[in-house]
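**Student:** Have a look at the structure that comes next, please.
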Amino acid sequence: LKMSHQGLPPAHPSHPSHVLQIETLMMEMQSPDTGIKTQAQAVMVTSIPHAVTGNDIMQWILQRLQVTAEEALHLGDLFVKYGYIYPLQEPKNLTLKADGSLYRFQTPYFWPVQSWAADDTDYAIYLAKKNIKRKGILEEYEKEHYNMLNQKINYKWDFVIMQAKEQYKAGKERKKEDRYALDCQERAYWLVNRTPPGMLDVLEYGIDRVTDPNENKVNQVRQPWIMYYQQAILKTRVKSSVSLGGIVKYSEQFLSNDPILSGCLPSNPWISDDPDFWDLNAKLVEVPTRMRVERWAFNFSELIRDPKGRQNFQLFLKKEFSGENLGFWEACEDLKYGDQSKVKEKAEEIYKLFLAPGARRWINIDGKTMGITVKGLEHPHRYVLDAAQTHIYMLMKKDSYGRYLKSPIYKEMLAKAVVPQEGVKKRQVKLAVIVGFVFLVVARVEKLIHGSFPGRREHWCPEHGKTPAHETLAARAETDPRFGVIHRICSAAWTKPLTPGVREGDRQQAAPCE
Amino acid sequence: MDQTFLAIVFGPCDKCSKNKPLRPVSVKSEQRSYCSLCVEMMATEGLHENETLASLKSEAESLKGKLEEERAKLHDVELHQVAERVEALGQFVMKTRRTLKGHGNKVLCMDWCKDKRRIVSSSQDGKVIVWDSFTTNKEHAVTMPCTWVMACAYAPSGCAIACGGLDNKCSVYPLTFEKNENMAAKKKSVAMHTNYLSACSFTNSDMQILTASGDGTCALWDVESGQLLQSFHGHGADVLCLDLAPSETGNTFVSGGCDKKAMVWDMRSGQCVQSFETHDSDINSVRYYPSGDAFASGSDDATCRLYDLRADREVAIYSKESIIFGASSVDFSLSGRLLFAGYNDYTINVWDVLKGSRVSILFGHENRVSTLRVSPDGTAFCSGSWDHTLRIWA
């Protein structure tokens with residue numbers, strides 16, 4: 001099955017749908033009032049009209065769509081790749097450069113339109129024309145296409161050559177700058193529609209859909225839909241404020257558990273390269289983390305979904321002599337999702353173990369539900385125990401769960417739960433160790449040089465403030481109860497007590513410290 | 001999670017007399033109980049007398065209008081209004097933490113293993129690879145006999161994978177740790193559709209698979225026997241995506257298709273229980289909100305939307321004038337506060353689900369982003385692209 005768009009019957013018109021938006025933007029970009037100002041620009045020796053710079057394009061997109069430069073550049077680059085804008089200076093390189101590189105808007109005739117693919121005959125004419133212009137100028141891949149087309153549409157070949165010659169002649173009669181621009185236009189068009197090997201084929205869209213949904217089909221309106229609408233109208237709905245409130249509340253409740261938003265302890269393995277987080281949260285880890293155990297209290301679903309939570313809950317249920325409830329629920333899950341060929345025997349086993357009168361792990365369900373279940377077991381299928389399972393689930397949720405959360409079993413689990421320390425990247429740890437070691441060495445050396453002095457290296461002399469010179473006088477400093485650490489020489493000169501923040505004006509001039 | 005389903009009746013079908021789960025249906029204004037196969041046959045019959053295509057269509061249209069009226073009656077507030085009291089998100093940065101190179105062609109699909117680090121990915125050239133994405137080592141690889149493997153899934157046990165595409169099938173491959181593993185030899189064909197497979201997912205065990213297909217249907221299969229357990233008809237065109245509800249009590253899933261509809265199905269009866277048609281183009285991806293009370297969709301119309309299942313309506317549209325290309329895949333962060341969406345313009349946009357604004361745009365891929373899934377514990381998400389690579393972001 002050919003996946004490329006080349007030569008295939010038209011693809012579905014609504015596929016893809018970005019085309020319309022791009023076309024609208026392109027029209028705006030070229031509009032005399034709101035668009036980019038174009039001007040004639042010199043490319044080599046030719047002056048090409050209506051050219052714009054890459055930077056102009058990027059700036060226009062940035063202003064028009066209110067996006068960052070990075071986004072504007074990315075979008076503009078896509079416009080070039082899709083063939084709506086083409087480069088004048090590096091024609092083979094369909095990228096947007098946000099500098100003075102020159103570009104031009106592609107003529108709408110050459111816009112990528114999904115409803116009609118670029119024609120093989122046109123391509124053959126283009127290649128033939130190129131060949132006529134200068135023999136041997138075709139690239140390798142173009143030569144291959146040319147030879148293949150020669151075989152494929154050989155019956156048209158005289159027509160192809162004739163058209164190529166006519167177009168070449170007509171081209172020669174044009175003005176130099178027009179010819180140059182047209183050459184660039186055509187070239188860009190074929191780069192997009194017959195992508196060279198190694199280049200991105202932007203027009204590839206995947207596989208065709210099977211059904212055109214726009215076709216009028218009877219069964220689109222038939223019974224199931226009319227019936228569906230009739231039932232849907234009668235459906236019970238909830239007020240938006242209530243249901244949206246629930247959605248918001250859930251998100252708020254789980255925010256602290258969301259590793260991407262709140263981080264996780266000890267660290268996010270993908271960021272720190274340390275898988276400790278996974279080890280600490282293993283399925284049936286001996287001691288779960290505090291966050292995990294707290295989550296079991298959010299709602300019953302969180303508890304029962306976590307194998308560790310279920311294990312702990314089962315302990316509690318056993319104490320209350322209702323352990324068979326969880327066992328029954330688990331057996332029903334296995335019936336629903338397990339091997340379907342064993343449904344009959346599984347159903348029978350479950351009946352014998354949980355439901356039959358005098359069963360070893362008899363579950364306590366009301367008479368009505370029991371009746372439905374037993375009747376259903378005459379023709380067992382995977383949902384036959386649904387009513388009973390729902391009843392037991394609700395019992396656990398509305399009754400046992402509440403008591404569980406207040407029980408010593410849960411509280412003990414919470415108490416001994418682990419709170420991991422925040423880890424750092426292993427590399428950072430190594431670095432910290434090295435730095436710490438260096439600090440230690442330096443401090444030792446310094447102690448040797450300056451003799452023993454308790455406290456900080458920098459000595460704050462209230463008279464002179466903290467200056468580097470004073471550090472070398474460390475050995476000559478002393479601690480004065482009036483001033484704290486002060487140079488001996490300064491404390492000797494100090495006669496009056498200091499008022500905090502105010503310097504004594506008529507203090508005896510102290511001898512300057514060396 | 002409250003859901004109103006019709007009571008499941010199991011018994012002899014009024015049409016074919018076989019013992020099957022039954023659905024109520026109106027036949028010439030009378031109530032009957034048909035099995036899902038007979039309902040489908042009735043649906044695809046020609047017109048009955050007294051019915052013309054035009055009259056049926058206008059009846060359907062008027063009912064659809066009434067449904068929208070009913071839905072609007074209880075709509076008393078917008079999501080962003082309720083979210084006003086919620087704290088704004090701080091600046092956050094996400095980077096590519098791992099790049100997985102090894103596919104020789106477009107990556108089309110990926111899925112996480114429950115162990116939170118392994119993934120399976122499939123590509124256009126038929127290759128399916130299992131990676132330990134933490135170390136970036138490839139652990140298993142198999143080449144399918146078809147191209148365009150658009151669907152792949154990891155089994156809950158971590159011991160098998162499922163995949164399919166243009167072969168119209170879904171096959172299960174057990175994963176072993178033998179030295180000279182020959183995966184292709186142990187392959188088991190499970191699902192058979194009449195057109196390409198677009199999506200697949202295991203249910204709560206390794207024994208059941210849910211599939212979506214270009215033939216317009218979804219189906220539930222028993223892996224061991226290959227038996228079709230239930231089929232789901234209703235989409236008017238190719239079904240492109242599906243997602244199972246996270247709840248233990250509901251047995252539902254949502255699907256999206258080329259008919260622009262997102263449909264919620266009851267897995268027991270095969271019936272569509274809710275349907276939404278607000279997108280303007282193909283729905284490429286659907287994903288449940290973590291609570292199960294809502295789901296998001298990504299579409300070729302360049303928007304993502306949020307649908308509230310209890311209020312039964314669309315409640316948010318995530319779009320920007322600068323986002324022109326279609327959204328191919330979406331997934332929620334663990335708390336549901338963020339929606340990650342991969343687009344056909346090679347970027348990933350991160351949306352604040354509650355406030356409706358775009359939080360960040362991630363560049364990196366060099367071609368369309370075709371698949372995107374958040375890891376099971378929410379520590380990262382993986383994106384796959386037509387540029388042949390997969391990236392892990394955190």
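Every chain in the structure tokens has a letter given in the order shown (A, B, ...), and although residue numbers restart at 1 in each chain, ligands are simply numbered from 1 in the order shown.
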Which residues, written as a list in words, have at least one atom at most 8 Å from segment 228-243 of chain A, with only C-alpha atoms counted and residues fewer than 6 positions away on the same chain left out?
**Tutor:**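 Result of the neighbour search: Thr4, Ala60, Leu63, Lys64, Lys66, Leu67, Glu70, Arg71, Leu74, His75, Asp76, Val77, Glu78, Val82, Cys272, Val273, Gln274, Asp308, Arg310, Ala311 and Asp312 of chain B.
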**Student:** Could you turn the residues from that selection into a file that holds N, CA, C and O atoms, as a tab-separated table (two decimals), in the first residue's frame?
**Tutor:**
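Here's the written file out_38.tsv:
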chain	number	residue	atom	x	y	z
B	4	THR	N	-25.63	5.71	35.15
B	4	THR	CA	-26.92	5.03	35.00
B	4	THR	C	-26.81	4.12	33.80
B	4	THR	O	-26.60	4.53	32.68
B	60	ALA	N	-33.67	12.44	14.03
B	60	ALA	CA	-32.40	12.39	14.77
B	60	ALA	C	-31.90	13.79	15.10
B	60	ALA	O	-31.46	14.06	16.21
B	63	LEU	N	-33.96	15.35	17.90
B	63	LEU	CA	-33.63	14.73	19.19
B	63	LEU	C	-32.29	15.24	19.69
B	63	LEU	O	-32.12	15.51	20.88
B	64	LYS	N	-31.35	15.36	18.76
B	64	LYS	CA	-30.02	15.86	19.13
B	64	LYS	C	-30.15	17.26	19.73
B	64	LYS	O	-29.51	17.60	20.72
B	66	LYS	N	-32.73	18.54	21.23
B	66	LYS	CA	-33.36	18.41	22.55
B	66	LYS	C	-32.34	18.00	23.59
B	66	LYS	O	-32.36	18.48	24.72
B	67	LEU	N	-31.46	17.10	23.19
B	67	LEU	CA	-30.42	16.63	24.11
B	67	LEU	C	-29.54	17.80	24.54
B	67	LEU	O	-29.22	17.95	25.71
B	70	GLU	N	-31.34	19.89	27.08
B	70	GLU	CA	-31.34	19.27	28.41
B	70	GLU	C	-29.99	19.45	29.09
B	70	GLU	O	-29.91	19.73	30.28
B	71	ARG	N	-28.94	19.26	28.30
B	71	ARG	CA	-27.58	19.41	28.85
B	71	ARG	C	-27.35	20.83	29.34
B	71	ARG	O	-26.70	21.05	30.35
B	74	LEU	N	-28.62	22.41	33.19
B	74	LEU	CA	-27.93	22.35	34.47
B	74	LEU	C	-26.57	23.02	34.44
B	74	LEU	O	-25.77	22.86	35.35
B	75	HIS	N	-26.29	23.74	33.35
B	75	HIS	CA	-24.96	24.33	33.24
B	75	HIS	C	-24.97	25.70	33.88
B	75	HIS	O	-25.36	26.69	33.27
B	76	ASP	N	-24.54	25.76	35.15
B	76	ASP	CA	-24.65	27.02	35.88
B	76	ASP	C	-23.32	27.75	36.08
B	76	ASP	O	-23.28	28.85	36.61
B	77	VAL	N	-22.22	27.12	35.69
B	77	VAL	CA	-20.93	27.80	35.89
B	77	VAL	C	-19.86	27.23	34.96
B	77	VAL	O	-19.97	26.08	34.52
B	78	GLU	N	-18.86	28.02	34.62
B	78	GLU	CA	-17.76	27.56	33.77
B	78	GLU	C	-16.62	27.04	34.63
B	78	GLU	O	-16.45	27.48	35.77
B	82	VAL	N	-14.91	28.29	38.46
B	82	VAL	CA	-14.73	27.48	39.67
B	82	VAL	C	-13.25	27.46	40.05
B	82	VAL	O	-12.90	27.41	41.22
B	272	CYS	N	-23.55	2.26	23.85
B	272	CYS	CA	-22.99	3.59	24.04
B	272	CYS	C	-23.82	4.29	25.09
B	272	CYS	O	-25.04	4.40	24.95
B	273	VAL	N	-23.19	4.77	26.16
B	273	VAL	CA	-23.96	5.40	27.22
B	273	VAL	C	-23.89	6.93	27.18
B	273	VAL	O	-24.73	7.61	27.75
B	274	GLN	N	-22.86	7.45	26.54
B	274	GLN	CA	-22.75	8.90	26.40
B	274	GLN	C	-22.00	9.21	25.12
B	274	GLN	O	-21.10	8.47	24.75
B	308	ASP	N	-16.99	16.66	30.89
B	308	ASP	CA	-17.39	16.26	32.24
B	308	ASP	C	-18.47	15.20	32.10
B	308	ASP	O	-19.53	15.46	31.52
B	310	ARG	N	-20.29	13.63	34.48
B	310	ARG	CA	-21.46	13.74	35.36
B	310	ARG	C	-22.37	14.87	34.90
B	310	ARG	O	-23.59	14.78	34.96
B	311	ALA	N	-21.75	15.97	34.45
B	311	ALA	CA	-22.54	17.08	33.94
B	311	ALA	C	-22.96	16.81	32.50
B	311	ALA	O	-23.80	17.52	31.94
B	312	ASP	N	-22.33	15.82	31.89
B	312	ASP	CA	-22.69	15.38	30.54
B	312	ASP	C	-22.49	16.49	29.50
B	312	ASP	O	-23.37	16.76	28.68
**Student:** Near His140 of chain B, counting only C-alpha atoms, which residues have an atom at most 12 Å away, once you skip same-chain residues fewer than 6 positions from it, shown as a list in words?
**Tutor:**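 After dropping sequence-adjacent residues, the list is Gly102, Arg118, Ile119, Val120, Ser121, Ser122, Lys127, Val128, Ile129, Val130, Trp131, Asp132, Cys159, Ala160, Ile161, Tyr173, Pro174, Leu175, Thr176, Phe177, Glu178, Lys179, Asn180, Glu181, Asn182, Met183 and Ala184 of chain B.
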**Student:** List every residue of segment 107-322 of chain A that DSSP, applied to the backbone of this structure, places in alpha helix (DSSP H), and write the result as a PyMOL selection string.
**Tutor:** chain A and resi 120-133+140-152+157-172+176-193+218-221+223-234+240-254+259-262+269-272+276-280+290-295+300-305+307-319
**Student:** Go through B:Asn168, B:Thr303, B:Thr143, B:Ser55 and flag the residue nearest Trp351 of chain B, using only C-alpha atoms for the distances.
**Tutor:**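 Using only C-alpha atoms, the shortest distance to Trp351 of chain B belongs to B:Thr303.
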**Student:** Can you tell me, as a PyMOL selection string, what residues are no more than 12 Å from Arg403 of chain A when counting only C-alpha atoms, ignoring any on the same chain fewer than 5 positions away?
**Tutor:** chain A and resi 297+300+313+316-317+319-320+395-398+408-411
**Student:** Include N, CA and C atoms and write out the residues we just selected as a compact mmCIF listing (two decimals), in the first residue's frame.
**Tutor:**
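File again-v8.txt, as written:
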# COMPACT_ATOMS: atom_id res chain seq x y z
N ALA A 297 -6.12 7.41 52.63
CA ALA A 297 -7.22 8.08 53.33
C ALA A 297 -7.99 9.05 52.43
N PHE A 300 -11.71 5.54 49.08
CA PHE A 300 -11.62 4.09 49.14
C PHE A 300 -10.90 3.51 47.92
N PHE A 313 -5.53 -3.31 54.63
CA PHE A 313 -6.98 -3.29 54.81
C PHE A 313 -7.47 -4.70 55.16
N PHE A 316 -7.05 -5.56 58.72
CA PHE A 316 -8.09 -4.92 59.51
C PHE A 316 -9.40 -5.70 59.41
N LEU A 317 -9.75 -6.07 58.19
CA LEU A 317 -11.01 -6.79 57.97
C LEU A 317 -11.01 -8.12 58.72
N LYS A 319 -9.59 -8.75 61.46
CA LYS A 319 -9.88 -8.47 62.87
C LYS A 319 -11.37 -8.30 63.10
N GLU A 320 -12.05 -7.75 62.08
CA GLU A 320 -13.50 -7.53 62.20
C GLU A 320 -14.30 -8.72 61.69
N LEU A 395 -20.40 -1.94 50.70
CA LEU A 395 -20.35 -2.26 52.12
C LEU A 395 -18.97 -1.91 52.67
N MET A 396 -17.95 -2.33 51.97
CA MET A 396 -16.58 -2.05 52.41
C MET A 396 -16.33 -0.54 52.40
N LYS A 397 -16.81 0.10 51.33
CA LYS A 397 -16.54 1.53 51.17
C LYS A 397 -17.27 2.36 52.22
N LYS A 398 -18.54 2.07 52.43
CA LYS A 398 -19.34 2.94 53.28
C LYS A 398 -19.28 2.54 54.75
N PRO A 408 -6.26 1.15 64.90
CA PRO A 408 -4.84 1.10 65.25
C PRO A 408 -3.99 0.53 64.13
N ILE A 409 -4.57 -0.36 63.34
CA ILE A 409 -3.80 -0.95 62.24
C ILE A 409 -3.35 0.12 61.26
N TYR A 410 -4.29 0.98 60.88
CA TYR A 410 -3.94 2.05 59.95
C TYR A 410 -3.02 3.07 60.61
N LYS A 411 -3.34 3.42 61.83
CA LYS A 411 -2.57 4.44 62.52
C LYS A 411 -1.13 3.98 62.72
**Student:** Taking the chain letters and numbering used in this document, name the residues of segment 66-205 of chain A that DSSP puts in strand (DSSP E), as a ChimeraX atom specification.
**Tutor:** /A:85-87,102-105
**Student:** Excluding segment 12-25 of chain B and residues on its chain fewer than 5 positions from it, collect all residues at most 6 Å away from it, counting only C-alpha atoms, and give them as a list in words.
**Tutor:**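 These residues fall inside the cut-off: Gln31, Arg32, Ser33, Tyr34 and Cys35 of chain B.
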**Student:** I need the residue nearest Cys113 of chain B from this list: B:Ser157, B:Asn284, B:Ser360, B:Ser189. Use only C-alpha atoms for the distance.
**Tutor:** B:Ser157
**Student:** Fewer than 5 positions away in the same chain doesn't count, so skip those; otherwise give me all residues within 8 Å of Thr147 of chain B, counting only C-alpha atoms, as a count of residues only.
**Tutor:** 7
**Student:** Need the shell around Tyr196 of chain B: protein/DNA/RNA residues with any atom at most 12 Å away, counting only C-alpha atoms. Skip same-chain ones fewer than 5 positions apart. Format as a PDB file with N, CA and C atoms, in the first residue's frame?
**Tutor:**
ATOM      1  N   ILE A 207      -1.783   7.379   6.983  1.00  0.00           N
ATOM      2  CA  ILE A 207      -2.581   6.533   6.097  1.00  0.00           C
ATOM      3  C   ILE A 207      -3.957   7.141   5.878  1.00  0.00           C
ATOM      4  N   ASP A 208      -4.560   6.797   4.766  1.00  0.00           N
ATOM      5  CA  ASP A 208      -5.891   7.306   4.464  1.00  0.00           C
ATOM      6  C   ASP A 208      -6.905   6.680   5.402  1.00  0.00           C
ATOM      7  N   ARG A 209      -7.917   7.447   5.742  1.00  0.00           N
ATOM      8  CA  ARG A 209      -8.970   6.847   6.544  1.00  0.00           C
ATOM      9  C   ARG A 209      -9.843   5.984   5.638  1.00  0.00           C
ATOM     10  N   VAL A 210     -10.538   5.065   6.273  1.00  0.00           N
ATOM     11  CA  VAL A 210     -11.319   4.081   5.519  1.00  0.00           C
ATOM     12  C   VAL A 210     -12.650   4.650   5.069  1.00  0.00           C
ATOM     13  N   THR A 211     -13.301   5.339   6.013  1.00  0.00           N
ATOM     14  CA  THR A 211     -14.654   5.820   5.745  1.00  0.00           C
ATOM     15  C   THR A 211     -14.663   7.331   5.669  1.00  0.00           C
TER      16      THR A 211
ATOM     17  N   CYS B 146       3.814  -6.728   9.257  1.00  0.00           N
ATOM     18  CA  CYS B 146       3.131  -5.648   8.546  1.00  0.00           C
ATOM     19  C   CYS B 146       3.811  -4.332   8.872  1.00  0.00           C
ATOM     20  N   THR B 147       3.494  -3.330   8.097  1.00  0.00           N
ATOM     21  CA  THR B 147       4.014  -1.992   8.389  1.00  0.00           C
ATOM     22  C   THR B 147       2.943  -1.197   9.132  1.00  0.00           C
ATOM     23  N   TRP B 148       3.274   0.002   9.537  1.00  0.00           N
ATOM     24  CA  TRP B 148       2.349   0.887  10.268  1.00  0.00           C
ATOM     25  C   TRP B 148       1.750   0.170  11.479  1.00  0.00           C
ATOM     26  N   VAL B 149       2.609  -0.132  12.440  1.00  0.00           N
ATOM     27  CA  VAL B 149       2.129  -0.707  13.686  1.00  0.00           C
ATOM     28  C   VAL B 149       1.654   0.463  14.554  1.00  0.00           C
ATOM     29  N   MET B 150       0.366   0.748  14.461  1.00  0.00           N
ATOM     30  CA  MET B 150      -0.164   1.972  15.068  1.00  0.00           C
ATOM     31  C   MET B 150      -0.575   1.794  16.513  1.00  0.00           C
ATOM     32  N   ALA B 151      -0.617   0.547  16.963  1.00  0.00           N
ATOM     33  CA  ALA B 151      -1.076   0.316  18.326  1.00  0.00           C
ATOM     34  C   ALA B 151      -0.128  -0.622  19.042  1.00  0.00           C
ATOM     35  N   CYS B 163       0.321  -5.732  20.065  1.00  0.00           N
ATOM     36  CA  CYS B 163       0.497  -4.723  19.031  1.00  0.00           C
ATOM     37  C   CYS B 163      -0.224  -5.125  17.755  1.00  0.00           C
ATOM     38  N   GLY B 164      -0.415  -4.136  16.871  1.00  0.00           N
ATOM     39  CA  GLY B 164      -1.080  -4.412  15.597  1.00  0.00           C
ATOM     40  C   GLY B 164      -1.157  -3.148  14.776  1.00  0.00           C
ATOM     41  N   GLY B 165      -1.585  -3.298  13.523  1.00  0.00           N
ATOM     42  CA  GLY B 165      -1.679  -2.132  12.648  1.00  0.00           C
ATOM     43  C   GLY B 165      -2.338  -2.500  11.344  1.00  0.00           C
ATOM     44  N   LEU B 166      -1.572  -2.418  10.260  1.00  0.00           N
ATOM     45  CA  LEU B 166      -2.145  -2.677   8.944  1.00  0.00           C
ATOM     46  C   LEU B 166      -2.467  -4.149   8.701  1.00  0.00           C
ATOM     47  N   ASP B 167      -2.081  -5.006   9.632  1.00  0.00           N
ATOM     48  CA  ASP B 167      -2.436  -6.425   9.490  1.00  0.00           C
ATOM     49  C   ASP B 167      -3.873  -6.675   9.962  1.00  0.00           C
ATOM     50  N   ASN B 168      -4.534  -5.628  10.440  1.00  0.00           N
ATOM     51  CA  ASN B 168      -5.924  -5.704  10.927  1.00  0.00           C
ATOM     52  C   ASN B 168      -6.067  -6.581  12.164  1.00  0.00           C
ATOM     53  N   LYS B 169      -4.935  -6.968  12.748  1.00  0.00           N
ATOM     54  CA  LYS B 169      -5.019  -7.855  13.912  1.00  0.00           C
ATOM     55  C   LYS B 169      -4.371  -7.201  15.120  1.00  0.00           C
ATOM     56  N   CYS B 170      -4.657  -7.810  16.286  1.00  0.00           N
ATOM     57  CA  CYS B 170      -3.907  -7.447  17.480  1.00  0.00           C
ATOM     58  C   CYS B 170      -3.274  -8.736  17.972  1.00  0.00           C
ATOM     59  N   ALA B 191      -6.992 -10.492  18.153  1.00  0.00           N
ATOM     60  CA  ALA B 191      -8.124  -9.758  17.588  1.00  0.00           C
ATOM     61  C   ALA B 191      -8.077  -9.791  16.080  1.00  0.00           C
ATOM     62  N   THR B 211      -9.802  -3.348  21.703  1.00  0.00           N
ATOM     63  CA  THR B 211      -9.196  -2.819  20.482  1.00  0.00           C
ATOM     64  C   THR B 211     -10.096  -1.798  19.803  1.00  0.00           C
ATOM     65  N   ALA B 212      -9.463  -0.928  18.996  1.00  0.00           N
ATOM     66  CA  ALA B 212     -10.209   0.037  18.176  1.00  0.00           C
ATOM     67  C   ALA B 212      -9.696  -0.093  16.752  1.00  0.00           C
ATOM     68  N   SER B 213     -10.568   0.086  15.775  1.00  0.00           N
ATOM     69  CA  SER B 213     -10.153  -0.191  14.402  1.00  0.00           C
ATOM     70  C   SER B 213     -10.675   0.810  13.386  1.00  0.00           C
ATOM     71  N   GLY B 214      -9.997   0.842  12.233  1.00  0.00           N
ATOM     72  CA  GLY B 214     -10.434   1.664  11.112  1.00  0.00           C
ATOM     73  C   GLY B 214     -11.747   1.175  10.547  1.00  0.00           C
ATOM     74  N   ASP B 215     -12.175  -0.030  10.936  1.00  0.00           N
ATOM     75  CA  ASP B 215     -13.450  -0.550  10.440  1.00  0.00           C
ATOM     76  C   ASP B 215     -14.633   0.059  11.197  1.00  0.00           C
ATOM     77  N   GLY B 216     -14.349   1.015  12.095  1.00  0.00           N
ATOM     78  CA  GLY B 216     -15.433   1.730  12.760  1.00  0.00           C
ATOM     79  C   GLY B 216     -15.923   1.103  14.046  1.00  0.00           C
ATOM     80  N   THR B 217     -15.301  -0.003  14.472  1.00  0.00           N
ATOM     81  CA  THR B 217     -15.774  -0.658  15.697  1.00  0.00           C
ATOM     82  C   THR B 217     -14.669  -0.750  16.735  1.00  0.00           C
ATOM     83  N   CYS B 218     -15.114  -0.999  17.972  1.00  0.00           N
ATOM     84  CA  CYS B 218     -14.191  -1.388  19.039  1.00  0.00           C
ATOM     85  C   CYS B 218     -14.591  -2.794  19.432  1.00  0.00           C
ATOM     86  N   ASP B 238     -13.807   5.584  10.960  1.00  0.00           N
ATOM     87  CA  ASP B 238     -12.672   4.952  11.652  1.00  0.00           C
ATOM     88  C   ASP B 238     -12.606   5.383  13.116  1.00  0.00           C
ATOM     89  N   VAL B 239     -12.361   4.425  14.001  1.00  0.00           N
ATOM     90  CA  VAL B 239     -12.110   4.735  15.406  1.00  0.00           C
ATOM     91  C   VAL B 239     -10.603   4.845  15.564  1.00  0.00           C
ATOM     92  N   LEU B 240     -10.130   5.937  16.165  1.00  0.00           N
ATOM     93  CA  LEU B 240      -8.686   6.176  16.206  1.00  0.00           C
ATOM     94  C   LEU B 240      -8.054   5.959  17.575  1.00  0.00           C
TER      95      LEU B 240
END
**Student:** My list of candidates is B:Ala302, B:Val286, B:Val359, B:Ala327. Which is closest to chain A when distances are computed with only C-alpha atoms?
**Tutor:**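 Looking only at the distances to chain A, the closest residue turns out to be B:Ala302.
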**Student:** Choose the residue, out of B:Asp266, B:Asp352, B:Glu59, B:Glu277, that has the smallest atom-to-atom separation from chain A; count only C-alpha atoms.
**Tutor:** B:Glu59
